[in-house]
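Asker: My structure is in model06.cif, and what it holds is mmCIF, C-alpha atoms and all ligand atoms:
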data_start
loop_
_atom_site.label_atom_id
_atom_site.label_comp_id
_atom_site.auth_asym_id
_atom_site.auth_seq_id
_atom_site.Cartn_x
_atom_site.Cartn_y
_atom_site.Cartn_z
CA MET O 22 -56.69 -81.10 64.56
CA LEU O 23 -53.61 -80.65 66.77
CA LYS O 24 -54.81 -78.38 69.55
CA ALA O 25 -51.47 -76.89 70.56
CA THR O 26 -51.14 -75.37 67.08
CA LEU O 27 -54.43 -73.43 67.26
CA HIS O 28 -54.33 -69.65 67.67
CA ILE O 29 -56.66 -67.25 69.41
CA SER O 30 -58.02 -64.58 67.04
CA GLU O 31 -59.69 -61.29 67.93
CA LYS O 32 -61.94 -60.95 64.86
CA PHE O 33 -64.56 -63.42 63.74
CA ASP O 34 -63.47 -65.50 60.76
CA LEU O 35 -65.13 -68.78 59.76
CA ASN O 36 -61.70 -70.16 58.79
CA LYS O 37 -60.29 -69.68 62.30
CA HIS O 38 -60.93 -71.90 65.32
CA ILE O 39 -60.97 -69.64 68.38
CA ILE O 40 -62.29 -66.07 68.63
CA LEU O 41 -61.87 -64.12 71.86
CA TYR O 42 -63.35 -60.64 71.48
CA ASN O 43 -62.80 -57.92 74.09
CA GLY O 44 -65.93 -55.81 73.65
CA SER O 45 -69.69 -55.92 73.51
CA CYS O 46 -71.34 -59.05 72.16
CA LEU O 47 -73.47 -56.95 69.80
CA ASP O 48 -70.29 -55.73 68.10
CA LEU O 49 -68.94 -59.27 67.72
CA LEU O 50 -72.31 -60.52 66.51
CA LYS O 51 -72.17 -57.99 63.65
CA GLN O 52 -69.09 -59.84 62.35
CA ILE O 53 -70.76 -63.28 62.37
CA PRO O 54 -72.47 -64.48 59.14
CA ASN O 55 -76.12 -65.59 59.17
CA LYS O 56 -76.81 -69.20 60.22
CA SER O 57 -73.15 -70.03 60.90
CA ILE O 58 -73.27 -71.06 64.57
CA GLN O 59 -74.44 -74.48 65.74
CA LEU O 60 -74.68 -73.79 69.49
CA ILE O 61 -75.13 -70.48 71.28
CA VAL O 62 -74.75 -70.98 75.01
CA THR O 63 -74.45 -68.29 77.62
CA SER O 64 -75.16 -67.00 81.07
CA PRO O 65 -75.95 -63.30 80.75
CA PRO O 66 -75.68 -60.78 83.59
CA TYR O 67 -78.73 -61.26 85.86
CA ASN O 68 -79.13 -57.52 86.57
CA ILE O 69 -78.47 -58.04 90.28
CA GLY O 70 -75.61 -55.57 90.66
CA LYS O 71 -72.64 -57.94 90.36
CA GLU O 72 -69.24 -56.30 89.98
CA TYR O 73 -69.42 -56.51 86.15
CA GLU O 74 -72.90 -54.99 85.71
CA LYS O 75 -74.96 -51.92 86.48
CA LYS O 76 -78.39 -52.70 87.89
CA LEU O 77 -81.00 -51.49 85.37
CA GLY O 78 -84.77 -51.11 85.42
CA ILE O 79 -86.14 -54.53 84.53
CA ASP O 80 -87.75 -53.22 81.33
CA ILE O 81 -84.43 -51.85 80.05
CA TYR O 82 -82.73 -55.14 80.99
CA ILE O 83 -85.31 -57.17 79.04
CA LYS O 84 -84.94 -54.84 76.04
CA GLN O 85 -81.15 -55.30 76.05
CA GLN O 86 -81.46 -59.06 76.33
CA ALA O 87 -83.99 -59.09 73.49
CA GLU O 88 -81.50 -57.31 71.23
CA VAL O 89 -78.77 -59.88 71.92
CA ILE O 90 -81.17 -62.82 71.57
CA LYS O 91 -82.51 -61.49 68.25
CA GLU O 92 -78.98 -61.14 66.79
CA SER O 93 -78.05 -64.55 68.20
CA VAL O 94 -80.98 -66.16 66.41
CA ARG O 95 -79.82 -64.50 63.16
CA VAL O 96 -76.46 -66.30 63.38
CA LEU O 97 -77.95 -69.63 64.53
CA SER O 98 -77.84 -72.47 61.99
CA ASP O 99 -81.15 -74.12 61.06
CA THR O 100 -80.17 -77.29 62.95
CA GLY O 101 -78.72 -75.32 65.87
CA SER O 102 -79.55 -74.77 69.52
CA ILE O 103 -79.61 -71.77 71.77
CA CYS O 104 -79.22 -72.27 75.53
CA TRP O 105 -79.72 -69.37 77.96
CA GLN O 106 -78.57 -70.20 81.49
CA VAL O 107 -80.22 -67.98 84.10
CA GLY O 108 -81.22 -67.64 87.74
CA ASN O 109 -83.35 -65.03 89.47
CA TYR O 110 -83.47 -61.26 89.34
CA VAL O 111 -83.94 -60.11 92.94
CA ASN O 112 -85.46 -56.76 93.84
CA LYS O 113 -86.10 -55.81 97.48
CA GLY O 114 -86.48 -59.45 98.47
CA ALA O 115 -88.85 -60.30 95.61
CA ILE O 116 -87.50 -62.87 93.17
CA ILE O 117 -88.32 -62.87 89.46
CA PRO O 118 -87.19 -66.01 87.57
CA LEU O 119 -85.38 -64.70 84.51
CA ASP O 120 -86.30 -67.70 82.37
CA ALA O 121 -89.98 -66.82 82.81
CA ILE O 122 -89.55 -63.23 81.68
CA LEU O 123 -87.16 -64.06 78.82
CA TYR O 124 -89.24 -66.95 77.44
CA PRO O 125 -91.59 -64.72 75.38
CA ILE O 126 -88.60 -63.22 73.55
CA PHE O 127 -87.54 -66.64 72.26
CA GLN O 128 -91.12 -67.63 71.50
CA ASN O 129 -91.71 -64.45 69.47
CA LEU O 130 -88.62 -65.27 67.41
CA ASN O 131 -90.25 -68.53 66.29
CA LEU O 132 -88.16 -70.77 68.50
CA VAL O 133 -89.38 -73.91 70.25
CA MET O 134 -88.37 -74.79 73.78
CA ARG O 135 -86.96 -78.32 73.97
CA ASN O 136 -86.03 -78.47 77.66
CA ARG O 137 -85.98 -76.32 80.73
CA ILE O 138 -83.02 -77.95 82.45
CA VAL O 139 -82.76 -77.50 86.19
CA TRP O 140 -79.13 -77.18 87.23
CA HIS O 141 -78.92 -78.08 90.91
CA PHE O 142 -75.87 -77.21 93.01
CA GLU O 143 -75.19 -77.05 96.72
CA HIS O 144 -73.20 -73.90 97.42
CA GLY O 145 -74.33 -70.28 97.49
CA LEU O 146 -75.76 -67.50 99.62
CA HIS O 147 -77.60 -68.51 102.79
CA CYS O 148 -80.96 -66.74 102.84
CA SER O 149 -82.78 -65.89 106.05
CA LYS O 150 -86.14 -64.73 104.67
CA ARG O 151 -86.64 -67.42 102.02
CA PHE O 152 -85.18 -70.83 101.23
CA SER O 153 -81.65 -70.56 99.89
CA GLY O 154 -81.52 -70.78 96.09
CA ARG O 155 -79.86 -74.02 95.00
CA TYR O 156 -80.78 -74.28 91.35
CA GLU O 157 -80.76 -72.25 88.17
CA THR O 158 -82.13 -73.19 84.78
CA ILE O 159 -80.94 -73.62 81.22
CA ILE O 160 -83.67 -72.90 78.71
CA TRP O 161 -82.94 -74.69 75.44
CA PHE O 162 -84.54 -73.64 72.15
CA THR O 163 -84.31 -74.74 68.51
CA LYS O 164 -85.88 -73.36 65.34
CA LYS O 165 -89.52 -74.18 64.62
CA ASN O 166 -90.17 -76.91 62.01
CA GLN O 167 -86.46 -77.75 61.66
CA GLU O 168 -84.57 -80.96 62.39
CA TYR O 169 -82.05 -80.18 65.11
CA VAL O 170 -78.85 -81.93 66.20
CA PHE O 171 -79.30 -83.95 69.36
CA ASN O 172 -76.70 -86.62 70.13
CA LEU O 173 -77.76 -88.51 73.23
CA ASP O 174 -75.12 -91.26 73.29
CA PRO O 175 -72.09 -89.05 74.17
CA VAL O 176 -73.88 -87.71 77.26
CA ARG O 177 -75.55 -90.82 78.64
CA VAL O 178 -74.99 -91.50 82.34
CA PRO O 179 -74.67 -94.85 84.14
CA GLN O 180 -77.86 -96.84 84.54
CA LYS O 181 -79.19 -97.29 88.06
CA TYR O 182 -79.83 -101.04 87.56
CA PRO O 183 -77.67 -102.12 84.60
CA ALA O 184 -78.18 -105.80 85.46
CA LYS O 185 -81.98 -105.60 85.32
CA LYS O 186 -83.64 -107.98 82.83
CA TYR O 187 -87.07 -108.20 81.18
CA PHE O 188 -89.06 -110.64 83.29
CA LYS O 189 -91.79 -111.41 80.72
CA GLY O 190 -92.64 -111.07 77.02
CA PRO O 191 -90.50 -111.93 73.98
CA LYS O 192 -87.36 -110.36 75.52
CA ALA O 193 -87.67 -112.16 78.88
CA GLY O 194 -84.20 -112.85 80.30
CA GLN O 195 -82.46 -110.17 78.20
CA TYR O 196 -81.02 -107.01 79.74
CA SER O 197 -83.64 -104.28 79.62
CA CYS O 198 -81.50 -101.15 79.69
CA ASN O 199 -79.33 -99.42 77.12
CA PRO O 200 -75.73 -100.64 77.74
CA LEU O 201 -74.43 -97.17 76.79
CA GLY O 202 -76.20 -95.66 79.80
CA LYS O 203 -79.36 -93.68 80.34
CA ASN O 204 -80.59 -90.25 79.31
CA PRO O 205 -79.27 -87.78 81.94
CA GLY O 206 -82.74 -86.25 82.34
CA ASP O 207 -83.48 -82.57 82.82
CA VAL O 208 -82.27 -82.15 86.41
CA TRP O 209 -78.48 -81.91 86.48
CA ASP O 210 -76.63 -82.14 89.76
CA ILE O 211 -73.27 -80.57 88.93
CA PRO O 212 -71.11 -78.72 91.52
CA ASN O 213 -70.99 -74.96 90.96
CA VAL O 214 -67.65 -73.18 90.85
CA LYS O 215 -67.14 -71.93 94.40
CA SER O 216 -64.03 -71.46 96.54
CA ASN O 217 -62.34 -74.85 96.41
CA HIS O 218 -63.54 -75.94 92.97
CA VAL O 219 -60.47 -76.74 90.86
CA GLU O 220 -61.62 -74.38 88.08
CA LYS O 221 -62.22 -71.30 90.31
CA THR O 222 -60.85 -67.97 89.10
CA GLU O 223 -61.59 -64.48 90.44
CA HIS O 224 -64.81 -64.28 88.36
CA PRO O 225 -67.85 -64.46 90.68
CA CYS O 226 -70.04 -66.69 88.48
CA GLN O 227 -68.16 -69.06 86.24
CA PHE O 228 -69.76 -72.02 84.48
CA PRO O 229 -68.30 -75.39 85.46
CA ILE O 230 -66.79 -76.75 82.23
CA GLU O 231 -68.60 -80.08 82.59
CA LEU O 232 -72.00 -78.30 82.46
CA ILE O 233 -71.22 -76.81 79.04
CA GLU O 234 -69.51 -79.95 77.75
CA ARG O 235 -72.80 -81.82 78.14
CA LEU O 236 -74.49 -79.24 75.88
CA VAL O 237 -71.62 -79.16 73.37
CA LEU O 238 -71.50 -82.94 73.04
CA SER O 239 -75.25 -83.35 72.66
CA MET O 240 -76.07 -80.33 70.45
CA THR O 241 -73.08 -80.08 68.09
CA ASN O 242 -70.83 -82.25 65.94
CA GLU O 243 -67.05 -82.04 65.56
CA GLY O 244 -65.96 -78.91 63.66
CA ASP O 245 -69.13 -76.93 64.54
CA TRP O 246 -69.05 -73.42 66.00
CA VAL O 247 -70.02 -72.72 69.63
CA PHE O 248 -70.63 -69.06 70.53
CA ASP O 249 -71.03 -67.41 73.94
CA PRO O 250 -72.09 -63.73 73.82
CA PHE O 251 -71.31 -63.16 77.55
CA LEU O 252 -68.11 -65.19 77.73
CA GLY O 253 -66.68 -64.32 81.16
CA THR O 254 -63.66 -66.54 81.75
CA GLY O 255 -63.89 -68.43 78.47
CA THR O 256 -65.61 -71.59 79.74
CA SER O 257 -67.78 -72.11 76.64
CA ILE O 258 -64.77 -71.82 74.32
CA ILE O 259 -62.87 -74.29 76.48
CA ALA O 260 -65.78 -76.77 76.44
CA ALA O 261 -65.84 -76.41 72.64
CA ILE O 262 -62.14 -76.84 71.85
CA ARG O 263 -61.70 -79.73 74.29
CA ASN O 264 -64.20 -81.57 72.10
CA ASN O 265 -62.84 -80.59 68.67
CA ARG O 266 -65.38 -77.83 68.08
CA LYS O 267 -64.64 -74.18 67.28
CA GLY O 268 -65.31 -71.52 69.93
CA ALA O 269 -66.10 -67.80 69.90
CA GLY O 270 -67.14 -65.33 72.57
CA ALA O 271 -67.29 -61.70 73.64
CA GLU O 272 -66.45 -60.21 77.00
CA THR O 273 -66.43 -56.52 77.88
CA GLU O 274 -64.15 -56.66 80.95
CA LYS O 275 -60.47 -56.82 80.05
CA ARG O 276 -59.49 -58.65 83.26
CA TYR O 277 -61.89 -61.51 82.42
CA VAL O 278 -60.63 -61.58 78.83
CA ASN O 279 -57.11 -62.02 80.25
CA ILE O 280 -58.29 -64.90 82.42
CA ALA O 281 -60.11 -66.44 79.45
CA GLN O 282 -56.99 -66.16 77.29
CA ASP O 283 -54.87 -67.82 79.96
CA ARG O 284 -57.38 -70.65 80.47
CA ILE O 285 -57.81 -71.24 76.72
CA GLU O 286 -54.03 -71.40 76.25
CA LYS O 287 -53.75 -73.86 79.11
CA ALA O 288 -56.59 -75.94 77.62
CA LEU O 289 -54.70 -76.00 74.31
CA ASN O 290 -51.43 -77.13 75.85
CA GLY O 291 -53.13 -79.59 78.20
CA THR O 292 -52.31 -77.88 81.51
CA LEU O 293 -55.75 -76.51 82.46
CA LYS O 294 -57.03 -78.13 85.66
CA THR O 295 -60.66 -79.19 85.28
CA ARG O 296 -63.23 -81.19 87.16
CA PRO O 297 -63.89 -84.14 84.86
CA MET O 298 -67.40 -84.93 83.58
CA TYR O 299 -68.93 -87.83 85.53
CA LYS O 300 -66.63 -87.42 88.56
CA PRO O 301 -68.91 -88.27 91.52
CA LYS O 302 -69.73 -85.43 93.87
CA TYR O 303 -67.62 -85.18 97.02
CA ASP O 304 -69.38 -86.94 99.89
CA PRO O 305 -67.91 -85.65 103.18
CA LYS O 306 -69.54 -88.41 105.26
CA SER O 307 -68.21 -91.33 103.27
CA ASP O 308 -64.83 -89.55 103.24
CA ASN O 309 -64.94 -89.57 107.08
CA ASN O 310 -64.57 -85.81 107.20
CA LYS O 311 -64.56 -84.99 110.94
CA LEU O 312 -66.47 -81.74 110.34
CA THR O 313 -69.58 -83.81 109.61
CA ILE O 314 -69.85 -84.83 113.30
CA SER O 315 -72.09 -82.29 115.01
CA PRO O 316 -70.83 -80.83 118.29
CA PHE O 317 -74.25 -79.24 118.92
CA TYR O 318 -76.64 -82.07 119.73
CA PRO O 319 -75.90 -82.48 123.47
CA GLN O 320 -76.31 -78.75 124.23
CA ILE O 321 -79.55 -78.12 122.36
CA LYS O 322 -81.34 -81.44 122.59
CA ASN O 323 -83.79 -80.26 125.31
CA SER O 324 -84.81 -77.06 123.56
CA THR O 325 -88.31 -77.24 122.04
CA ASN O 326 -87.15 -75.15 119.07
CA PHE O 327 -84.78 -77.90 118.13
CA ASN O 328 -86.98 -81.00 118.24
CA HIS O 329 -85.91 -81.71 114.68
CA ILE O 330 -82.36 -82.28 115.91
CA GLY O 331 -83.61 -85.50 117.55
CA LEU O 332 -85.06 -86.52 114.20
CA PHE O 333 -81.76 -85.75 112.44
CA ALA O 334 -79.96 -87.96 114.94
CA LYS O 335 -82.49 -90.78 114.54
CA HIS O 336 -82.08 -90.76 110.77
CA THR O 337 -78.34 -90.28 110.60
CA GLY O 338 -77.59 -92.72 113.42
CA GLU O 339 -75.79 -90.11 115.55
CA ALA O 340 -75.87 -90.47 119.35
CA LEU O 341 -77.70 -87.73 121.25
C1 LIG Y 401 -72.62 -64.36 84.19
S1 LIG Y 401 -71.10 -63.80 83.55
C2 LIG Y 401 -70.63 -65.12 82.50
C3 LIG Y 401 -69.58 -66.02 83.10
C4 LIG Y 401 -69.20 -67.16 82.18
N1 LIG Y 401 -70.32 -68.06 81.96
C5 LIG Y 401 -67.98 -67.94 82.69
O1 LIG Y 401 -68.02 -69.18 82.70
O2 LIG Y 401 -67.00 -67.33 83.10
C6 LIG Y 401 -71.57 -62.56 82.43
C7 LIG Y 401 -70.41 -61.86 81.78
O3 LIG Y 401 -70.89 -61.00 80.74
C8 LIG Y 401 -70.03 -59.88 80.65
N2 LIG Y 401 -70.78 -58.85 79.90
C9 LIG Y 401 -71.72 -57.97 80.36
N3 LIG Y 401 -72.23 -57.26 79.35
C10 LIG Y 401 -71.62 -57.70 78.20
C11 LIG Y 401 -71.75 -57.38 76.82
N4 LIG Y 401 -72.60 -56.46 76.39
N5 LIG Y 401 -71.00 -58.05 75.93
C12 LIG Y 401 -70.13 -59.01 76.35
N6 LIG Y 401 -69.95 -59.36 77.64
C13 LIG Y 401 -70.70 -58.71 78.56
C14 LIG Y 401 -69.71 -59.57 82.11
O4 LIG Y 401 -68.53 -58.81 82.24
C15 LIG Y 401 -69.62 -60.98 82.72
O5 LIG Y 401 -68.28 -61.43 82.77
#
Write the structure described by the file as structure tokens, please.

Answerer:
Amino acid sequence: MLKATLHISEKFDLNKHIILYNGSCLDLLKQIPNKSIQLIVTSPPYNIGKEYEKKLGIDIYIKQQAEVIKESVRVLSDTGSICWQVGNYVNKGAIIPLDAILYPIFQNLNLVMRNRIVWHFEHGLHCSKRFSGRYETIIWFTKKNQEYVFNLDPVRVPQKYPAKKYFKGPKAGQYSCNPLGKNPGDVWDIPNVKSNHVEKTEHPCQFPIELIERLVLSMTNEGDWVFDPFLGTGTSIIAAIRNNRKGAGAETEKRYVNIAQDRIEKALNGTLKTRPMYKPKYDPKSDNNKLTISPFYPQIKNSTNFNHIGLFAKHTGEAL
């Protein structure tokens, strides 16, 4: 498949490769045949009053989500996966983890949870009355009593001790690990898309492409359909087409559809800037970034409220 020759269509058609629908996901879902999608992956609005959503009563929010999830399960293939990426709903300082309240919807639709992946990242709001939130989750479901696609090899990560050998038994002296790498586990440390991330657009909560690529590569095969009901800036479609899958998604806000279109076109012609999978996280200390040297220690070292600063210094080797 030569990517530059692919076109973006507005209506769902199994013979096309890319569907970008400007409208409600429920309307696009009506166009999608039963059991035709291999991976449904999305991050829905969290009902926290972001610029693209109206804050609803939690019961109404759950009802709306249930409608989309039910239709999504209708279009999911028997070997397929559905991944709902969510954080917390926050109301007057109380947090409600959305995965916990959405779980029963999936369970009642006869789906089985395969993983609750913790996506850890380091940038976000600084809280003063609770610890700052630095993870969200991806809840992954497949159909009950069905074989499902799970390709581990394309998403393996480097082993910690690749040179380790069995020290006893019939394999003594042989390397003990899988040379293709290890299972990435269910805690993923992937930078979120904040101000100086190479993929940042004006959308306030974009997926990093590498997060979705890991799901696409492990849960689909080439030529399969990937569908995102709450598409935003088109990340799920981009993760799909970069890996020779087909991508579809709906987005109500025209300005995000425009951004998605631009990004998809750039992905097709090879000019989209992305943070590559497996690129190590930026480490400001090993990069000798001067901002990592604290100017505060001398001034506050005698204050009893800041005894921990002495401990910081002891552990990081900084002079007090
Ligand atoms: C959390 S954002 C998703 C961002 C996306 N993951 C990305 O990488 O850009 C949720 C998106 O859903 C859109 N949205 C809200 N209600 C929708 C609906 N009923 N149908 C389709 N899109 C909707 C919002 O405008 C918003 O852009």

Asker: Step by step, measure atom-to-atom distances between ligand LIG 401 (chain Y) and each residue using only C-alpha atoms and all ligand atoms, keep those at most 7 Å, then write them as a list in words.

Answerer: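 Every residue with an atom at most 7 Å from ligand LIG 401 (chain Y) is listed here: Gly44, Ser45, Cys46, Leu47, Thr63, Ser64, Pro65, Pro66, Tyr73, Glu74, His224, Cys226, Gln227, Phe228, Pro229, Pro250, Phe251, Leu252, Gly253, Thr254, Gly255, Thr256, Ser257, Ala271, Glu272, Thr273, Glu274 and Tyr277 of chain O.
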
Asker: So which one's closest to O:Arg137, O:Thr158, O:Ser57, O:Gln106, O:Gln167? Using only C-alpha atoms, please.

Answerer: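 Of the candidates, the smallest distance to O:Arg137 is held by O:Thr158.
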
Asker: Show me the residues around (-80.7, -75.2, 77.4) - criterion: an atom at most 9 Å away, all atoms listed in the file counted - as number ranges by chain.

Answerer: O: 62, 102-106, 134-138, 158-162, 236

Asker: Please produce an output containing C-alpha atoms for each residue in the selection, written as a compact mmCIF listing (two decimals), in the frame of the given file.

Answerer:
# COMPACT_ATOMS: atom_id res chain seq x y z
CA VAL O 62 -74.75 -70.98 75.01
CA SER O 102 -79.55 -74.77 69.52
CA ILE O 103 -79.61 -71.77 71.77
CA CYS O 104 -79.22 -72.27 75.53
CA TRP O 105 -79.72 -69.37 77.96
CA GLN O 106 -78.57 -70.20 81.49
CA MET O 134 -88.37 -74.79 73.78
CA ARG O 135 -86.96 -78.32 73.97
CA ASN O 136 -86.03 -78.47 77.66
CA ARG O 137 -85.98 -76.32 80.73
CA ILE O 138 -83.02 -77.95 82.45
CA THR O 158 -82.13 -73.19 84.78
CA ILE O 159 -80.94 -73.62 81.22
CA ILE O 160 -83.67 -72.90 78.71
CA TRP O 161 -82.94 -74.69 75.44
CA PHE O 162 -84.54 -73.64 72.15
CA LEU O 236 -74.49 -79.24 75.88

Asker: Rank nothing, just name the residue among O:His218, O:Val170, O:Ile262, O:Arg155 nearest to O:Gly291, using all atoms listed in the file.

Answerer: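 The shortest atom-to-atom distance to O:Gly291 comes from O:Ile262.
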
Asker: Just give me the gap between atom CA of O:Thr26 and atom CA of O:Asp245 in Å, one decimal is fine.

Answerer: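 Those two atoms sit 18.2 Å apart.
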
Asker: Around the point (-75.2, -72.5, 68.4) (coordinates from the file), which residues reach within 8 Å if we count only C-alpha atoms? Answer as JSON, numbers by chain.

Answerer: {"O": [58, 59, 60, 61, 62, 97, 98, 101, 102, 103, 241, 246, 247, 248]}

Asker: Quick one: residues within 12 Å of O:Leu77, all atoms listed in the file, excluding same-chain residues fewer than 6 positions away - as a ChimeraX atom specification?

Answerer: /O:66-71,83-86,110-112

Asker: O:Lys37: which residues within 12 Å, counting only C-alpha atoms, same-chain residues fewer than 4 positions away excluded, as a PyMOL selection string?

Answerer: chain O and resi 26-33+41+244-246+266-269

Asker: For stretch 58-77 of chain O, I'd like the enclosing box, axis-aligned and padded by 4 Å on every side, reported as lines of an AutoDock Vina configuration file with centre and edge lengths in Å to one decimal.

Answerer:
center_x = -75.1
center_y = -63.0
center_z = 77.6
size_x = 19.8
size_y = 31.0
size_z = 34.1

Asker: Which of these, O:Cys148, O:Ala261, O:Ala281, O:Ile126, has the shortest distance to O:Gly114 once you count all atoms listed in the file?

Answerer: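 When distances to O:Gly114 are compared using all atoms listed in the file, the smallest one comes from O:Cys148.
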
Asker: Within 12 Å of O:Lys287, counting only C-alpha atoms, which residues show up once you throw out same-chain ones fewer than 5 positions away? Write them as a tab-separated table (two decimals) with C-alpha atoms, in the frame of the given file, please.

Answerer:
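Below you can see part-v5.tsv, which holds the result:
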chain	number	residue	atom	x	y	z
O	24	LYS	CA	-54.81	-78.38	69.55
O	25	ALA	CA	-51.47	-76.89	70.56
O	27	LEU	CA	-54.43	-73.43	67.26
O	220	GLU	CA	-61.62	-74.38	88.08
O	255	GLY	CA	-63.89	-68.43	78.47
O	259	ILE	CA	-62.87	-74.29	76.48
O	262	ILE	CA	-62.14	-76.84	71.85
O	263	ARG	CA	-61.70	-79.73	74.29
O	280	ILE	CA	-58.29	-64.90	82.42
O	281	ALA	CA	-60.11	-66.44	79.45
O	282	GLN	CA	-56.99	-66.16	77.29
O	292	THR	CA	-52.31	-77.88	81.51
O	293	LEU	CA	-55.75	-76.51	82.46
O	294	LYS	CA	-57.03	-78.13	85.66
O	295	THR	CA	-60.66	-79.19	85.28

Asker: Quick one: distance from atom CA of O:Gln52 to atom CA of O:Gly270 in Å, one decimal?

Answerer: 11.8 Å

Asker: To one decimal place in Å, what is the distance between atom CA of O:Asn204 and atom CA of O:Val176?

Answerer: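 According to the coordinates, atom CA of O:Asn204 and atom CA of O:Val176 are separated by 7.5 Å.
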
Asker: For O:Ser153, which of O:Asn310, O:Asn43, O:Asn109, O:Thr222 is the closest residue, counting all atoms listed in the file?

Answerer: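 Closest residue, counting all atoms listed in the file: O:Asn109.
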
Asker: So, with all atoms listed in the file as the atoms that count, which of O:Ala87, O:Ile116, O:Val107, O:Val237 lies closest to O:Gln128?

Answerer: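 Closest to O:Gln128, using all atoms listed in the file: O:Ala87.
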
Asker: Nearest residue to O:Glu286 out of O:Ile258, O:Tyr156, O:Ala115, O:Lys75, using all atoms listed in the file?

Answerer: O:Ile258

Asker: Could you list, as a list in words, every residue within 10 Å of O:Leu130, counting all atoms listed in the file and ignoring same-chain residues fewer than 2 positions away?

Answerer: Ala87, Ile90, Lys91, Val94, Arg95, Pro125, Ile126, Phe127, Gln128, Leu132, Val133, Lys164 and Lys165 of chain O
